[in-house]
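A quick write-up on the structure given underneath.
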Amino acid sequence: MPTSSESAVETAAETAVEPERKTDGTESSWGFRQWGLLVSVCAAFFLDALDNIMVGVAVPPIQADLGMTTAAVQWVVSAYVLGFGGFLLLSGRMADLLGRRRMFLWGVAIFAAGSMVGGLTDDGLVVIIARFVMGVGAAFTAPASLSIIITSFPAGPQRNRAVGIYTACGAVGYSTGVIVGGALTEINWRWTFLLPVVVAVFTFVGAVALVPRDVKTDRAEGKFDVAGAFTVTAAMLILVYSIVEAPNVGWLSAQTLGMFAATAVLLAAFVAIERRAAQPLLRLGLLRNRALVGASLVAAAILGTYMSFQFIGGLYLQSLRDWSPMQMALAFLPIGLLIATIAPRAGKLISRFGVQWMIFAGFVAYTASYLLFLRIDSTSSYVWVILPSIVLIGIAFPFSFPAANVQATTGVDDSEQGLAAGVLQTGYQVGAAVVLAIVTATMAADGTPEGGAETLGSFHQGLYVVTAISALTMVLTLVSALRSSARNRKTGSPQR
């Protein structure tokens, strides 16, 4: 039983985090602490997204400097994806059970430590391990940061606005990673590891000062599900590893099929454990939340198609057109500028039109962008052929990215917000790995990676896959939007 002093501390802490919750959700002015909290968690998301893209630009000089083989150096990128995707569900639930602020701070610290080691070592294997550690740190910050926002801002315009700003930071990170990576690599590849350490330190200090301490009302009750945590984390690690390696060893190879089978066995064991557990890691009923599952599938399509588009665009500009990394980075710069301009206003658009119509509008722009990029040839004009696709991506991201995050977390109890954010982030990361693996395998069928010569035909083959996935998602989101509008007309409810 708490003492009177403990109760007073808890009451004071609750008061510090509740003022926004006690409003009606329509007040638009935020105080210093609200802005400070938002900036702190946004900085972590921006850093996670930026690093996901930035280090990829530094891979060639890392390989040359450390004498790594081609097979080994690709793990400088893949190890991050493995750590990020493998630990998301576990970290999301830990944020709910052990405290969102605590897990956020641990994640930032782990990320900074890994980045520091990676920037100072002269051993290629240590760089790969450091990248895996950084991915694990990002896996802890991503669900915690989104759930901190969801539980700190009331549902409605304020939350939509906060989520819009938050996801804008992530989208800007994804879209400007090439630019920052190119600039830092021009100095020395080690700065792609060392500069994030500085940002992480400032993020950590800001979060300690401005993110309210975890209190009992912010945390779920119950003990930790160790068996469930082990099986689902092992399953996700094997799944992501098998997807990353499949284009190299073959989709129908014994290794790939064996890993997929192991993943299925572990997931089946996880489901059996969760059904019997008194306090499950993942309440299976949460997966019956159609909004969350739908948003996670949308997230997979968003990041999967965009990262594949960026991969193809980078190869096209650098290998076929002989552009420098910095020239390529500047070519993609309008994406970041448009996102930074539109995304802060995404909350108002979501409140007015609803998440389903915003996601649909985003995929109309994505699909048009990928279709237009199919016009590329060996002498395509940047202004008339490439730039229109870049502009449409810059519009599509701030329409779809914030809306997917709002949809995923709407209607989820506060005690499961971290887990819901983990499910959503798993969609982003696994989707990126799966779609990129399919695209690279399709391009390899045209002779690209294995033959050593990037051809225009291989770029078109990959773009056909990207465009098809985007178009299919566009149709499905239109159906969802029409059904939502019909339900709202029948019940007289506003758009959500």
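Every chain in the structure tokens has a letter given in the order shown (A, B, ...), and although residue numbers restart at 1 in each chain, ligands are simply numbered from 1 in the order shown.
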As an mmCIF file with C-alpha atoms, in the first residue's frame, please: every residue in range 349-449 of chain A that DSSP puts in helix (DSSP H, G or I).
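Saved the output as out_21.cif:
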```
data_model
loop_
_atom_site.group_PDB
_atom_site.id
_atom_site.type_symbol
_atom_site.label_atom_id
_atom_site.label_comp_id
_atom_site.auth_asym_id
_atom_site.auth_seq_id
_atom_site.Cartn_x
_atom_site.Cartn_y
_atom_site.Cartn_z
ATOM 1 C CA LEU A 349 -6.459 17.144 -43.227
ATOM 2 C CA ILE A 350 -6.995 13.915 -41.290
ATOM 3 C CA SER A 351 -9.580 15.587 -39.050
ATOM 4 C CA ARG A 352 -11.431 16.905 -42.093
ATOM 5 C CA PHE A 353 -11.320 13.976 -44.524
ATOM 6 C CA VAL A 355 -7.695 8.527 -42.267
ATOM 7 C CA GLN A 356 -9.012 6.170 -44.967
ATOM 8 C CA TRP A 357 -9.425 8.898 -47.586
ATOM 9 C CA MET A 358 -6.017 10.365 -46.721
ATOM 10 C CA ILE A 359 -4.354 6.961 -47.156
ATOM 11 C CA PHE A 360 -6.182 6.434 -50.455
ATOM 12 C CA ALA A 361 -5.107 9.874 -51.712
ATOM 13 C CA GLY A 362 -1.537 9.028 -50.749
ATOM 14 C CA PHE A 363 -1.579 5.833 -52.791
ATOM 15 C CA VAL A 364 -3.091 7.603 -55.782
ATOM 16 C CA ALA A 365 -0.002 9.837 -55.696
ATOM 17 C CA TYR A 366 2.389 6.904 -55.090
ATOM 18 C CA THR A 367 0.963 4.919 -58.003
ATOM 19 C CA ALA A 368 1.057 7.908 -60.349
ATOM 20 C CA SER A 369 4.661 8.556 -59.309
ATOM 21 C CA TYR A 370 5.828 5.009 -60.032
ATOM 22 C CA LEU A 371 3.954 4.928 -63.350
ATOM 23 C CA LEU A 372 5.586 8.174 -64.440
ATOM 24 C CA PHE A 373 9.034 6.898 -63.453
ATOM 25 C CA TYR A 382 15.384 15.390 -64.811
ATOM 26 C CA VAL A 383 12.782 18.182 -64.978
ATOM 27 C CA TRP A 384 10.286 16.481 -67.297
ATOM 28 C CA VAL A 385 10.715 12.788 -66.437
ATOM 29 C CA ILE A 386 12.244 12.355 -62.970
ATOM 30 C CA LEU A 387 11.078 15.424 -61.030
ATOM 31 C CA PRO A 388 7.304 14.739 -61.434
ATOM 32 C CA SER A 389 7.761 11.374 -59.689
ATOM 33 C CA ILE A 390 9.815 12.995 -56.933
ATOM 34 C CA VAL A 391 7.126 15.663 -56.371
ATOM 35 C CA LEU A 392 4.319 13.088 -56.180
ATOM 36 C CA ILE A 393 6.267 11.061 -53.598
ATOM 37 C CA GLY A 394 6.703 14.251 -51.560
ATOM 38 C CA ILE A 395 2.902 14.669 -51.574
ATOM 39 C CA ALA A 396 2.069 11.010 -50.982
ATOM 40 C CA PHE A 397 4.224 10.578 -47.862
ATOM 41 C CA PRO A 398 2.625 13.273 -45.659
ATOM 42 C CA PHE A 399 -0.851 12.153 -46.745
ATOM 43 C CA SER A 400 -0.411 8.455 -45.991
ATOM 44 C CA PHE A 401 2.269 8.184 -43.288
ATOM 45 C CA PRO A 402 0.536 10.152 -40.479
ATOM 46 C CA ALA A 403 -2.874 8.727 -41.368
ATOM 47 C CA ALA A 404 -1.629 5.138 -41.061
ATOM 48 C CA ASN A 405 -0.210 5.888 -37.598
ATOM 49 C CA VAL A 406 -3.446 7.527 -36.448
ATOM 50 C CA GLN A 407 -5.514 4.604 -37.745
ATOM 51 C CA ALA A 408 -3.298 2.012 -36.037
ATOM 52 C CA THR A 409 -3.562 3.543 -32.571
ATOM 53 C CA ASP A 414 -3.542 3.063 -23.297
ATOM 54 C CA SER A 415 -2.150 -0.100 -21.692
ATOM 55 C CA GLU A 416 -1.539 -1.582 -25.160
ATOM 56 C CA GLN A 417 -0.420 1.495 -27.111
ATOM 57 C CA GLY A 418 3.229 0.400 -27.095
ATOM 58 C CA LEU A 419 2.314 -3.033 -28.416
ATOM 59 C CA ALA A 420 0.069 -1.533 -31.111
ATOM 60 C CA ALA A 421 2.928 0.761 -32.159
ATOM 61 C CA GLY A 422 5.235 -2.275 -32.252
ATOM 62 C CA VAL A 423 2.832 -4.136 -34.550
ATOM 63 C CA LEU A 424 2.644 -1.094 -36.837
ATOM 64 C CA GLN A 425 6.423 -0.623 -36.919
ATOM 65 C CA THR A 426 6.825 -4.336 -37.670
ATOM 66 C CA GLY A 427 4.629 -3.744 -40.701
ATOM 67 C CA TYR A 428 6.915 -0.946 -41.868
ATOM 68 C CA GLN A 429 10.148 -2.887 -41.404
ATOM 69 C CA VAL A 430 9.049 -6.329 -42.598
ATOM 70 C CA GLY A 431 7.246 -4.718 -45.542
ATOM 71 C CA ALA A 432 10.399 -2.852 -46.531
ATOM 72 C CA ALA A 433 12.464 -6.045 -46.319
ATOM 73 C CA VAL A 434 9.943 -8.210 -48.215
ATOM 74 C CA VAL A 435 9.175 -5.786 -51.056
ATOM 75 C CA LEU A 436 12.828 -4.819 -51.560
ATOM 76 C CA ALA A 437 13.811 -8.497 -51.598
ATOM 77 C CA ILE A 438 11.146 -9.257 -54.245
ATOM 78 C CA VAL A 439 12.186 -6.247 -56.319
ATOM 79 C CA THR A 440 15.894 -7.130 -56.235
ATOM 80 C CA ALA A 441 15.091 -10.755 -57.116
ATOM 81 C CA THR A 442 13.010 -9.539 -60.078
ATOM 82 C CA MET A 443 15.843 -7.300 -61.223
ATOM 83 C CA ALA A 444 18.324 -10.166 -60.815
ATOM 84 C CA THR A 448 21.350 -7.048 -62.958
ATOM 85 C CA PRO A 449 23.109 -7.846 -59.650
#
```
Do you know which residues are at most 10 Å from range 63-78 of chain A counting only C-alpha atoms, after dropping those on the same chain fewer than 3 positions away, and could you put them as an MDAnalysis selection string?
-> chainID A and resid 51:60 81:84 118 121:132 135 189 240:241 244:245 248 433
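The shortest atom-to-atom distance to Ala331 in chain A, with only C-alpha atoms taken into account, belongs to A:Leu317 out of A:Leu257, A:Leu317, A:Ala200, A:Ile187.
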